[in-house]
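K.L.:
You'll find structure12.txt just under this line, and it carries compact mmCIF, C-alpha atoms.
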# COMPACT_ATOMS: atom_id res chain seq x y z
CA MET J 1 40.36 -8.58 -64.55
CA VAL J 2 43.83 -7.64 -63.37
CA VAL J 3 46.48 -10.06 -64.56
CA VAL J 4 50.15 -10.01 -63.83
CA ASP J 5 51.83 -12.18 -66.38
CA ASP J 6 55.42 -11.27 -66.12
CA VAL J 7 56.58 -12.42 -62.75
CA GLY J 8 59.70 -14.32 -63.34
CA GLY J 9 58.15 -16.17 -66.26
CA VAL J 10 55.54 -18.08 -64.24
CA GLU J 11 51.80 -18.57 -65.05
CA PRO J 12 49.65 -15.38 -65.11
CA LEU J 13 48.37 -14.48 -61.65
CA ASP J 14 44.75 -13.27 -61.30
CA LEU J 15 44.71 -10.45 -58.81
CA THR J 16 41.06 -9.45 -59.30
CA PRO J 17 39.57 -8.60 -55.86
CA GLU J 18 37.26 -11.31 -54.62
CA ALA J 19 33.61 -10.57 -53.91
CA SER J 20 33.38 -9.47 -50.34
CA ARG J 21 32.52 -12.14 -47.79
CA PRO J 22 29.34 -11.72 -45.76
CA ASP J 23 29.74 -9.08 -43.09
CA ARG J 24 29.79 -10.91 -39.76
CA SER J 25 28.09 -8.00 -38.09
CA ALA J 26 25.31 -7.97 -40.69
CA ARG J 27 21.81 -7.86 -39.28
CA ARG J 28 19.12 -10.42 -40.02
CA PRO J 29 16.04 -8.48 -41.16
CA TRP J 30 13.42 -10.97 -39.90
CA SER J 31 15.00 -11.07 -36.46
CA VAL J 32 15.14 -7.29 -36.34
CA LEU J 33 11.45 -7.22 -37.28
CA ALA J 34 10.69 -9.73 -34.50
CA LEU J 35 12.62 -7.57 -32.05
CA VAL J 36 10.71 -4.47 -33.13
CA LEU J 37 7.42 -6.36 -32.67
CA VAL J 38 8.45 -7.39 -29.16
CA VAL J 39 9.35 -3.80 -28.28
CA VAL J 40 5.98 -2.62 -29.66
CA ALA J 41 4.24 -5.33 -27.60
CA VAL J 42 6.03 -4.24 -24.41
CA VAL J 43 5.10 -0.60 -25.04
CA PHE J 44 1.49 -1.63 -25.73
CA VAL J 45 1.32 -3.65 -22.50
CA LEU J 46 2.79 -0.82 -20.47
CA LEU J 47 0.43 1.77 -21.98
CA ARG J 48 -2.54 -0.54 -21.48
CA THR J 49 -1.49 -1.20 -17.90
CA LEU J 50 -0.99 2.47 -17.16
CA GLY J 51 -4.33 3.26 -18.79
CA ASP J 52 -6.04 0.63 -16.70
CA ALA J 53 -4.19 1.67 -13.56
CA SER J 54 -5.68 5.12 -13.99
CA LEU J 55 -8.97 3.45 -13.06
CA PHE J 56 -8.70 3.82 -9.30
CA PHE J 57 -9.01 0.76 -7.13
CA TYR J 58 -10.82 1.29 -3.85
CA GLU J 59 -12.09 -0.88 -1.06
CA VAL J 60 -15.75 -0.26 -0.25
CA ASP J 61 -15.00 1.99 2.74
CA GLU J 62 -12.65 4.17 0.65
CA ALA J 63 -15.22 4.35 -2.15
CA VAL J 64 -17.93 5.41 0.30
CA ASP J 65 -15.65 8.06 1.85
CA ARG J 66 -14.85 9.50 -1.58
CA ARG J 67 -18.19 9.23 -3.33
CA VAL J 68 -18.88 12.97 -3.55
CA GLU J 69 -15.39 13.57 -4.87
CA LEU J 70 -15.66 10.64 -7.33
CA GLY J 71 -18.89 11.92 -8.86
CA ASP J 72 -19.56 10.12 -12.15
CA ASP J 73 -16.00 8.77 -12.46
CA ARG J 74 -15.56 5.07 -13.11
CA PHE J 75 -13.42 3.17 -10.64
CA ARG J 76 -12.75 -0.33 -9.36
CA VAL J 77 -14.11 -1.39 -6.03
CA VAL J 78 -13.31 -4.52 -4.04
CA GLY J 79 -15.54 -5.87 -1.30
CA THR J 80 -17.46 -8.85 -0.03
CA PRO J 81 -21.09 -9.47 -1.06
CA LYS J 82 -23.48 -9.85 1.85
CA PRO J 83 -25.98 -12.70 1.76
CA GLY J 84 -29.00 -12.08 -0.44
CA PHE J 85 -29.37 -10.66 -3.93
CA VAL J 86 -32.28 -9.67 -6.13
CA ASP J 87 -32.60 -10.28 -9.86
CA THR J 88 -34.23 -7.24 -11.40
CA GLU J 89 -34.26 -4.91 -14.43
CA LEU J 90 -32.62 -1.53 -14.70
CA ASP J 91 -33.11 0.69 -17.78
CA GLY J 92 -34.58 -2.30 -19.59
CA ARG J 93 -31.55 -4.51 -18.90
CA ALA J 94 -31.19 -7.47 -16.56
CA ALA J 95 -29.38 -6.56 -13.35
CA VAL J 96 -28.61 -8.10 -10.00
CA VAL J 97 -28.84 -5.98 -6.86
CA PHE J 98 -26.88 -6.82 -3.72
CA THR J 99 -24.87 -5.20 -0.95
CA LEU J 100 -21.10 -5.06 -0.84
CA CYS J 101 -19.16 -4.53 2.37
CA VAL J 102 -15.80 -4.29 4.03
CA ALA J 103 -15.47 -4.17 7.81
CA GLU J 104 -18.58 -2.30 8.97
CA VAL J 105 -19.07 -0.21 5.82
CA SER J 106 -21.61 -1.27 3.17
CA ALA J 107 -22.67 -0.05 -0.25
CA ASP J 108 -25.55 -1.17 -2.43
CA VAL J 109 -24.75 -2.36 -5.94
CA ALA J 110 -26.76 -2.76 -9.12
CA HIS J 111 -24.66 -4.95 -11.40
CA MET J 112 -25.74 -4.87 -15.02
CA GLY J 113 -25.82 -8.28 -16.71
CA ASP J 114 -25.10 -11.68 -15.26
CA PRO J 115 -22.87 -11.93 -12.21
CA ALA J 116 -19.74 -14.11 -12.25
CA GLU J 117 -20.26 -17.89 -12.06
CA LEU J 118 -18.61 -18.07 -8.64
CA PHE J 119 -20.43 -15.02 -7.29
CA GLN J 120 -21.37 -15.97 -3.72
CA PRO J 121 -21.91 -14.17 -0.42
CA GLY J 122 -18.63 -14.06 1.48
CA VAL J 123 -16.44 -14.42 -1.64
CA PRO J 124 -14.81 -11.04 -2.46
CA VAL J 125 -15.44 -9.49 -5.86
CA VAL J 126 -13.88 -6.67 -7.83
CA LEU J 127 -16.40 -4.49 -9.67
CA GLN J 128 -16.05 -1.65 -12.16
CA GLY J 129 -18.56 1.13 -12.30
CA ALA J 130 -19.58 4.48 -10.84
CA TRP J 131 -21.69 5.97 -8.09
CA VAL J 132 -25.30 6.87 -8.80
CA VAL J 133 -27.54 8.93 -6.53
CA GLY J 134 -30.77 7.09 -5.84
CA THR J 135 -32.04 3.69 -4.85
CA PRO J 136 -31.68 0.63 -7.05
CA PRO J 137 -34.86 -1.32 -7.89
CA GLY J 138 -35.58 -4.34 -5.69
CA ILE J 139 -33.58 -3.08 -2.75
CA GLY J 140 -36.52 -3.86 -0.49
CA GLY J 141 -35.73 -7.55 -1.01
CA LEU J 142 -32.34 -7.21 0.71
CA THR J 143 -32.28 -7.74 4.46
CA SER J 144 -29.09 -5.80 5.19
CA ALA J 145 -28.92 -3.15 2.48
CA ALA J 146 -27.04 0.10 3.09
CA ASP J 147 -30.02 2.02 1.62
CA ASP J 148 -28.30 5.39 2.03
CA GLY J 149 -29.45 7.10 -1.16
CA TRP J 150 -26.42 6.05 -3.24
CA TYR J 151 -25.62 2.89 -5.14
CA LEU J 152 -22.86 1.58 -7.35
CA ARG J 153 -23.89 0.88 -10.92
CA THR J 154 -21.35 -1.65 -12.22
CA ASP J 155 -20.87 -3.59 -15.44
CA HIS J 156 -17.72 -5.67 -14.88
CA MET J 157 -17.36 -8.28 -12.15
CA VAL J 158 -14.45 -10.56 -11.35
CA VAL J 159 -14.17 -12.87 -8.37
CA LYS J 160 -11.17 -12.46 -6.09
CA HIS J 161 -10.46 -16.04 -5.10
CA ASP J 162 -8.62 -16.77 -1.88
CA ASN J 163 -5.43 -18.80 -1.55
CA ASP J 164 -6.86 -21.46 0.77
CA TYR J 165 -6.91 -24.98 -0.65
CA ARG J 166 -7.93 -26.72 2.61
CA SER J 167 -11.55 -27.17 1.59
CA ASP J 168 -12.63 -28.31 5.05
CA GLU J 169 -11.03 -25.31 6.75
CA ALA J 170 -11.90 -22.59 4.26
CA GLU J 171 -13.44 -19.56 5.88
CA LEU J 172 -15.60 -17.02 4.13
CA GLU J 173 -15.02 -13.32 4.42
CA THR J 174 -17.45 -11.70 6.80
CA CYS J 175 -18.23 -8.05 7.34
CA GLY J 176 -20.98 -5.71 8.42
CA ALA J 177 -24.21 -6.69 10.05
CA GLY J 178 -26.01 -9.68 8.65
CA SER J 179 -22.98 -11.27 6.97
CA MET W 180 31.04 -38.77 -37.30
CA THR W 181 30.39 -41.54 -34.80
CA GLY W 182 26.87 -42.54 -33.71
CA ARG W 183 27.45 -40.91 -30.37
CA ARG W 184 28.01 -37.53 -31.97
CA ASP W 185 24.90 -37.76 -34.15
CA THR W 186 22.63 -37.09 -31.21
CA THR W 187 22.46 -34.82 -28.19
CA GLY W 188 21.33 -37.80 -26.10
CA SER W 189 23.44 -39.82 -23.70
CA ALA W 190 22.69 -42.63 -21.25
CA GLY W 191 22.20 -40.07 -18.47
CA SER W 192 19.95 -37.77 -20.49
CA ARG W 193 17.87 -40.71 -21.71
CA LEU W 194 17.35 -41.82 -18.12
CA LEU W 195 16.40 -38.25 -17.25
CA GLY W 196 14.01 -38.09 -20.21
CA VAL W 197 12.32 -41.37 -19.32
CA SER W 198 12.01 -40.27 -15.68
CA ALA W 199 10.44 -36.98 -16.79
CA LEU W 200 8.02 -38.78 -19.12
CA VAL W 201 6.93 -41.26 -16.46
CA GLY W 202 6.72 -38.40 -13.97
CA VAL W 203 4.42 -36.39 -16.27
CA ALA W 204 2.12 -39.43 -16.64
CA VAL W 205 1.99 -39.93 -12.85
CA LEU W 206 1.44 -36.22 -12.26
CA LEU W 207 -1.45 -36.13 -14.74
CA LEU W 208 -2.96 -39.16 -13.01
CA PHE W 209 -2.79 -37.45 -9.64
CA ALA W 210 -3.84 -34.03 -10.93
CA PHE W 211 -6.78 -35.08 -13.09
CA VAL W 212 -7.98 -38.35 -11.53
CA LEU W 213 -6.86 -39.03 -7.95
CA THR W 214 -7.26 -35.58 -6.39
CA ASP W 215 -10.70 -34.16 -5.67
CA PRO W 216 -12.16 -31.07 -7.30
CA ASP W 217 -12.40 -28.00 -5.07
CA VAL W 218 -16.02 -28.07 -3.94
CA ARG W 219 -17.26 -26.41 -0.75
CA VAL W 220 -20.74 -25.98 0.62
CA HIS W 221 -21.67 -22.41 1.36
CA PRO W 222 -22.59 -22.07 5.05
CA THR W 223 -25.32 -19.51 4.36
CA THR W 224 -26.84 -20.47 1.03
CA GLY W 225 -26.09 -24.19 1.17
CA GLU W 226 -24.94 -23.99 -2.47
CA GLU W 227 -21.80 -25.68 -3.69
CA PHE W 228 -19.03 -23.28 -4.59
CA GLY W 229 -15.28 -23.31 -5.12
CA GLN W 230 -12.95 -23.77 -8.06
CA PHE W 231 -14.38 -27.17 -9.02
CA ASP W 232 -12.19 -28.87 -11.66
CA ALA W 233 -10.31 -25.65 -12.42
CA VAL W 234 -8.26 -26.31 -9.29
CA ARG W 235 -6.43 -29.10 -11.17
CA LEU W 236 -4.51 -26.48 -13.14
CA LEU W 237 -2.82 -25.51 -9.87
CA TYR W 238 -0.64 -28.62 -10.13
CA LEU W 239 0.74 -27.44 -13.48
CA HIS W 240 0.60 -23.65 -13.20
CA VAL W 241 2.45 -23.14 -9.91
CA PRO W 242 5.42 -25.49 -10.59
CA MET W 243 5.83 -24.02 -14.07
CA ALA W 244 5.83 -20.50 -12.61
CA VAL W 245 8.57 -21.42 -10.11
CA LEU W 246 10.62 -23.11 -12.83
CA THR W 247 10.23 -20.01 -15.00
CA TYR W 248 11.89 -18.03 -12.23
CA ALA W 249 14.60 -20.68 -11.84
CA ALA W 250 15.39 -20.79 -15.57
CA TYR W 251 15.55 -17.00 -15.90
CA ILE W 252 17.71 -16.67 -12.80
CA LEU W 253 20.04 -19.32 -14.27
CA CYS W 254 20.09 -17.31 -17.50
CA ALA W 255 21.05 -14.17 -15.58
CA ALA W 256 23.73 -16.00 -13.57
CA ALA W 257 25.22 -17.48 -16.74
CA SER W 258 25.09 -14.03 -18.36
CA VAL W 259 27.17 -12.65 -15.49
CA GLY W 260 29.51 -15.61 -16.02
CA TYR W 261 29.81 -14.70 -19.68
CA LEU W 262 30.49 -11.03 -19.04
CA VAL W 263 33.23 -11.99 -16.57
CA ARG W 264 34.83 -14.96 -18.34
CA ARG W 265 33.83 -14.34 -22.00
CA THR W 266 33.72 -18.05 -22.75
CA PRO W 267 31.05 -19.70 -24.92
CA TRP W 268 30.05 -22.20 -22.19
CA TRP W 269 28.40 -19.42 -20.17
CA ASP W 270 26.71 -17.92 -23.21
CA VAL W 271 25.30 -21.25 -24.40
CA THR W 272 24.03 -21.96 -20.87
CA ALA W 273 22.33 -18.56 -20.69
CA TYR W 274 20.74 -19.05 -24.11
CA ALA W 275 19.45 -22.53 -23.24
CA ALA W 276 18.03 -21.34 -19.90
CA ALA W 277 16.29 -18.38 -21.56
CA GLU W 278 14.60 -20.63 -24.12
CA VAL W 279 13.43 -23.13 -21.51
CA GLY W 280 12.25 -20.31 -19.23
CA THR W 281 10.30 -18.71 -22.07
CA VAL W 282 8.52 -21.97 -22.88
CA PHE W 283 7.51 -22.33 -19.22
CA CYS W 284 6.55 -18.66 -18.91
CA GLY W 285 4.28 -18.95 -21.96
CA LEU W 286 2.62 -22.02 -20.45
CA VAL W 287 2.18 -20.18 -17.14
CA LEU W 288 0.29 -17.41 -18.94
CA VAL W 289 -1.86 -19.89 -20.87
CA THR W 290 -2.74 -22.11 -17.88
CA GLY W 291 -3.39 -19.04 -15.73
CA SER W 292 -5.74 -17.64 -18.34
CA ILE W 293 -7.62 -20.95 -18.68
CA TRP W 294 -7.95 -21.09 -14.85
CA GLY W 295 -9.01 -17.44 -14.66
CA ARG W 296 -12.04 -17.77 -16.95
CA PRO W 297 -14.14 -20.01 -14.65
CA VAL W 298 -12.71 -18.83 -11.33
CA TRP W 299 -12.25 -15.07 -11.82
CA ASN W 300 -14.81 -14.68 -14.60
CA THR W 301 -12.22 -13.29 -17.00
CA TRP W 302 -9.52 -14.65 -19.31
CA TRP W 303 -7.32 -11.68 -18.62
CA GLU W 304 -7.33 -8.62 -16.37
CA TRP W 305 -5.27 -5.75 -17.69
CA GLY W 306 -5.10 -3.97 -14.36
CA ASP W 307 -3.71 -6.91 -12.39
CA VAL W 308 -0.09 -6.36 -11.35
CA ARG W 309 0.87 -10.07 -11.22
CA LEU W 310 -0.51 -10.70 -14.69
CA MET W 311 1.07 -7.63 -16.20
CA THR W 312 4.52 -8.15 -14.71
CA THR W 313 4.47 -11.78 -15.87
CA LEU W 314 3.48 -10.76 -19.39
CA VAL W 315 6.25 -8.15 -19.42
CA LEU W 316 8.73 -10.81 -18.24
CA PHE W 317 7.65 -13.08 -21.09
CA LEU W 318 7.96 -10.28 -23.64
CA LEU W 319 11.37 -9.21 -22.32
CA PHE W 320 12.75 -12.69 -22.80
CA LEU W 321 11.10 -13.00 -26.21
CA GLY W 322 13.03 -9.82 -26.97
CA TYR W 323 16.17 -11.46 -25.59
CA LEU W 324 15.69 -14.41 -27.96
CA ALA W 325 14.96 -12.14 -30.93
CA LEU W 326 17.97 -9.98 -30.11
CA ARG W 327 20.20 -13.04 -30.20
CA ARG W 328 19.33 -13.51 -33.84
CA THR W 329 19.69 -9.95 -35.04
CA THR W 330 23.40 -10.28 -35.73
CA VAL W 331 25.56 -13.14 -36.94
CA ASP W 332 28.55 -12.04 -34.91
CA PRO W 333 28.57 -14.40 -31.91
CA ARG W 334 30.50 -12.03 -29.63
CA HIS W 335 28.14 -9.10 -30.24
CA GLN W 336 25.22 -11.46 -29.85
CA ALA W 337 26.42 -12.87 -26.53
CA ARG W 338 27.43 -9.54 -25.02
CA ARG W 339 24.18 -7.73 -25.86
CA ALA W 340 22.06 -10.70 -24.80
CA ALA W 341 23.85 -10.92 -21.44
CA VAL W 342 23.10 -7.26 -20.70
CA VAL W 343 19.43 -7.67 -21.70
CA ALA W 344 19.11 -10.79 -19.51
CA LEU W 345 20.44 -8.89 -16.51
CA VAL W 346 17.88 -6.12 -17.06
CA ALA W 347 14.97 -8.50 -17.76
CA VAL W 348 15.57 -10.60 -14.67
CA LEU W 349 14.94 -7.54 -12.49
CA ASP W 350 11.25 -8.08 -13.24
CA ILE W 351 11.21 -11.37 -11.29
CA PRO W 352 11.07 -9.84 -7.79
CA LEU W 353 8.23 -7.62 -9.03
CA VAL W 354 6.33 -10.63 -10.37
CA ASN W 355 6.90 -12.65 -7.22
CA ARG W 356 6.19 -9.97 -4.63
CA SER W 357 3.42 -8.09 -6.48
CA VAL W 358 0.63 -10.02 -4.73
CA GLU W 359 2.05 -9.03 -1.34
CA TRP W 360 3.04 -5.44 -2.17
CA TRP W 361 -0.31 -4.68 -3.84
CA GLU W 362 -2.37 -7.12 -1.81
CA ASN W 363 -5.63 -5.17 -2.01
CA ARG W 364 -4.97 -3.93 -5.52
CA THR W 365 -4.50 -7.24 -7.29
CA LEU W 366 -6.91 -9.94 -8.36
CA HIS W 367 -4.30 -12.70 -8.15
CA GLN W 368 -4.31 -14.55 -4.87
CA GLN W 369 -1.43 -14.47 -2.39
CA SER W 370 0.99 -17.37 -1.96
CA THR W 371 -0.65 -20.56 -0.76
CA LEU W 372 2.60 -22.34 0.10
CA ALA W 373 4.04 -19.48 2.15
CA GLU W 374 1.10 -19.76 4.54
CA LEU W 375 0.74 -23.51 3.98
CA LYS W 376 -2.93 -23.23 3.17
CA ILE W 377 -2.82 -26.57 1.42
CA GLN W 378 -2.66 -30.11 2.75
CA ASP W 379 -2.86 -33.86 2.16
CA LEU W 380 -3.13 -35.11 -1.41
CA THR W 381 -3.42 -31.59 -2.80
CA LEU W 382 -0.09 -30.65 -1.21
CA PHE W 383 1.52 -33.93 -2.30
CA THR W 384 0.39 -33.48 -5.92
CA LEU W 385 1.68 -29.92 -5.97
CA MET W 386 5.07 -31.09 -4.64
CA LEU W 387 5.07 -33.87 -7.24
CA GLY W 388 4.47 -31.16 -9.84
CA PHE W 389 7.64 -29.35 -8.72
CA VAL W 390 9.70 -32.55 -9.01
CA VAL W 391 8.26 -33.60 -12.38
CA PHE W 392 8.51 -30.18 -14.01
CA GLY W 393 12.00 -29.90 -12.52
CA LEU W 394 12.95 -33.08 -14.39
CA VAL W 395 11.32 -31.82 -17.59
CA ALA W 396 13.15 -28.49 -17.30
CA ALA W 397 16.48 -30.24 -16.63
CA TRP W 398 16.00 -32.51 -19.64
CA LEU W 399 15.07 -29.62 -21.93
CA LEU W 400 17.95 -27.54 -20.60
CA LEU W 401 20.48 -30.33 -21.11
CA HIS W 402 19.46 -30.97 -24.70
CA ARG W 403 19.16 -27.29 -25.56
CA PHE W 404 22.61 -26.73 -24.11
CA ARG W 405 24.05 -29.57 -26.17
CA VAL W 406 22.37 -28.29 -29.35
CA GLY W 407 23.71 -24.82 -28.60
CA TRP W 408 27.17 -26.19 -27.99
CA LEU W 409 27.11 -28.08 -31.30
CA GLU W 410 25.88 -24.93 -33.09
CA GLN W 411 28.71 -22.99 -31.55
CA ALA W 412 31.22 -25.70 -32.50
CA ALA W 413 29.84 -25.79 -36.04
CA ALA W 414 30.17 -22.00 -36.32
CA GLU W 415 33.77 -22.20 -35.10
CA HIS W 416 34.42 -25.04 -37.51
CA GLY W 417 32.98 -22.92 -40.32
CA VAL W 418 35.30 -20.05 -39.44
CA ALA W 419 38.28 -22.41 -39.22
CA MET W 420 37.39 -23.88 -42.61
CA ALA W 421 37.10 -20.42 -44.16
CA ILE W 422 40.52 -19.46 -42.77
CA ALA W 423 42.00 -22.71 -44.06
CA GLU W 424 40.51 -22.04 -47.49
CA ARG W 425 42.02 -18.57 -47.57
CA HIS W 426 45.37 -19.98 -46.53
CA ALA W 427 45.11 -22.59 -49.25
CA GLU W 428 44.28 -19.91 -51.82
CA LEU W 429 47.31 -17.89 -50.81
CA ASP W 430 49.59 -20.89 -50.52
CA MET W 431 51.06 -20.73 -54.09
CA PRO W 432 54.55 -22.17 -54.22
CA ASP W 433 55.07 -20.94 -57.78
CA VAL W 434 54.41 -17.37 -56.75
CA ASP W 435 56.60 -17.80 -53.71
CA ALA W 436 59.31 -19.13 -55.89
CA ALA W 437 58.88 -16.34 -58.40
CA VAL W 438 58.95 -13.70 -55.70
CA GLY W 439 61.94 -15.47 -54.25
CA ASP W 440 63.69 -15.44 -57.65
CA ALA W 441 62.94 -11.73 -58.06
CA GLY W 442 64.24 -11.07 -54.60
CA ASP W 443 67.46 -12.87 -55.41
CA GLY W 444 68.41 -10.18 -57.92
CA PRO W 445 71.46 -7.98 -57.63
Could you render the structure from this file as structure tokens?
P.N.:
Amino acid sequence: MVVVDDVGGVEPLDLTPEASRPDRSARRPWSVLALVLVVVAVVFVLLRTLGDASLFFYEVDEAVDRRVELGDDRFRVVGTPKPGFVDTELDGRAAVVFTLCVAEVSADVAHMGDPAELFQPGVPVVLQGAWVVGTPPGIGGLTSAADDGWYLRTDHMVVKHDNDYRSDEAELETCGAGS
Amino acid sequence: MTGRRDTTGSAGSRLLGVSALVGVAVLLLFAFVLTDPDVRVHPTTGEEFGQFDAVRLLYLHVPMAVLTYAAYILCAAASVGYLVRRTPWWDVTAYAAAEVGTVFCGLVLVTGSIWGRPVWNTWWEWGDVRLMTTLVLFLLFLGYLALRRTTVDPRHQARRAAVVALVAVLDIPLVNRSVEWWENRTLHQQSTLAELKIQDLTLFTLMLGFVVFGLVAAWLLLHRFRVGWLEQAAAEHGVAMAIAERHAELDMPDVDAAVGDAGDGP
């Protein structure tokens, strides 16, 4: 304690420095942690997106054009299922075989597992899988199969819903012969 | 403190709140009872298909998405205002808009995911550009809100937040236009309203959704602004009190007198 007690005979004056007041620029640790978590989340999302984007996205005609080049590579393919599908088994697993098309180009598909709930002819789907040389089982049951010695073996199916909410005017996608 | 100052409500905001509440009830009635589910009969197979009851989420999801844009654009505009004028009004407005926008953006992601499970066959699609840009927008503004709390200095806080808001808002055109720019590379559908592929009661209920969620957003924004303004006033009051205390500590007439006596020497 620093005391000055001889200033003109008045009461002793305590000149001890006060404890410092909180620094107004001080950081709040929990908020900094939250900020770090957000940054980590953004980086994760971007890496995940870039990783997923590396899975090429083709329409059926592009996928058919590039099938030799694609080889065993996995990719995404978007197209419209033609009418008719066959429930079958492939390598001991349930599969559904159908034909996917865009414009006049078609490709046969063996989708492993159950198809999407809204899977219907004329409603576009996005599939993930790879080309296989051969003929999928049950293809004889399809009336408008491509049957060209190649098929897409896929294991992920999502339905690409249209933006038309006029139920009485909704039109289905059509393509290829027999759609 | 008077009763009026004990609350962020006022006659106008109460009217707004009641209107929003009634509006939400009416919207839910239209969305979940009066409108039909989306059921179509397939021309080839004869089977029913469509979105069924999932379509009802359209009346919540789309208006909330548009209000997310509106709130974040307001946040960015107020941030520009702050950087130009450096007054708390702009900063409090930006903060309030960011919070409201983040609530709506979170709900957009949740309702979209709930809709996506039955319609798309997935809760989430990592490769979809619309989904990813929306998630990034949400995370950027979560970062904005976290950043605002990393320092207790209000000027640092406001200045940094304003810059972050201006960067984050650049994601909005990407979110909005992604379904057109990557039309064949995205799972998310294109705009229904732009092509007016909606009609009758479905269109009316969607428009009602815009009005009702607009009222909800305005009510939230108003109250959040008032809370923010009170917080800012309280912080200023705290600083003023601290200064007054320091002045009081230093205001020692005896010392003054003593120093004065000493100074009066030869």
K.L.:
What's the separation between CA of Leu194 (chain W) and CA of Phe392 (chain W), in Å to one decimal place?
P.N.:
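Answer for the CA of Leu194 (chain W) to CA of Phe392 (chain W) separation: 15.2 Å.
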K.L.:
Quick check, in Å to one decimal: how far apart do CA of Val36 (chain J) and CA of Thr329 (chain W) lie?
P.N.:
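About the pair CA of Val36 (chain J) and CA of Thr329 (chain W): they are 10.7 Å apart.
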K.L.:
Nearest to chain J among W:Gly196, W:Pro222, W:Gly202, W:Gly291, with distances taken over all atoms listed in the file: which residue is it?
P.N.:
W:Pro222
K.L.:
Taking all atoms listed in the file into account, what are the residues of chain W at most 7 Å from chain J, put as a PyMOL selection string?
P.N.:
chain W and resi 217+219+228+297-301+305-306+315+318+321-322+325-326+328-332+364+366+368-371+376-378+437+441
K.L.:
Using only C-alpha atoms and a cutoff of 9 Å, can you tell me which residues are near (-29.4, -0.5, 4.4) in the file's coordinates, and write them out as a list in words?
P.N.:
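Residues found, by chain and rising number: Thr99, Ser106, Ala107, Asp108, Ile139, Leu142, Thr143, Ser144, Ala145, Ala146, Asp147 and Asp148 of chain J.
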K.L.:
So how far away is CA of Arg334 (chain W) from CA of His426 (chain W), in Å?
P.N.:
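CA of Arg334 (chain W) lies 23.9 Å from CA of His426 (chain W).
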K.L.:
Which residue out of W:Gly225, W:Gly393, W:Gly417, W:Pro216 has the minimum interatomic distance to Val245 (chain W) when all atoms listed in the file are used?
P.N.:
W:Gly393
K.L.:
Let me make sure I understand: among J:Leu70, J:Gly134, J:Asp155, J:Leu127, which one has the smallest atom-to-atom distance to Arg93 (chain J) if we use all atoms listed in the file?
P.N.:
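When distances to Arg93 (chain J) are compared using all atoms listed in the file, the smallest one comes from J:Asp155.
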K.L.:
Can you pull out every residue within 9 Å of His402 (chain W), counting all atoms listed in the file, but drop anything in the same chain fewer than 6 positions away, and send it as an NGL selection string?
P.N.:
:W and (187-188 or 192 or 275)
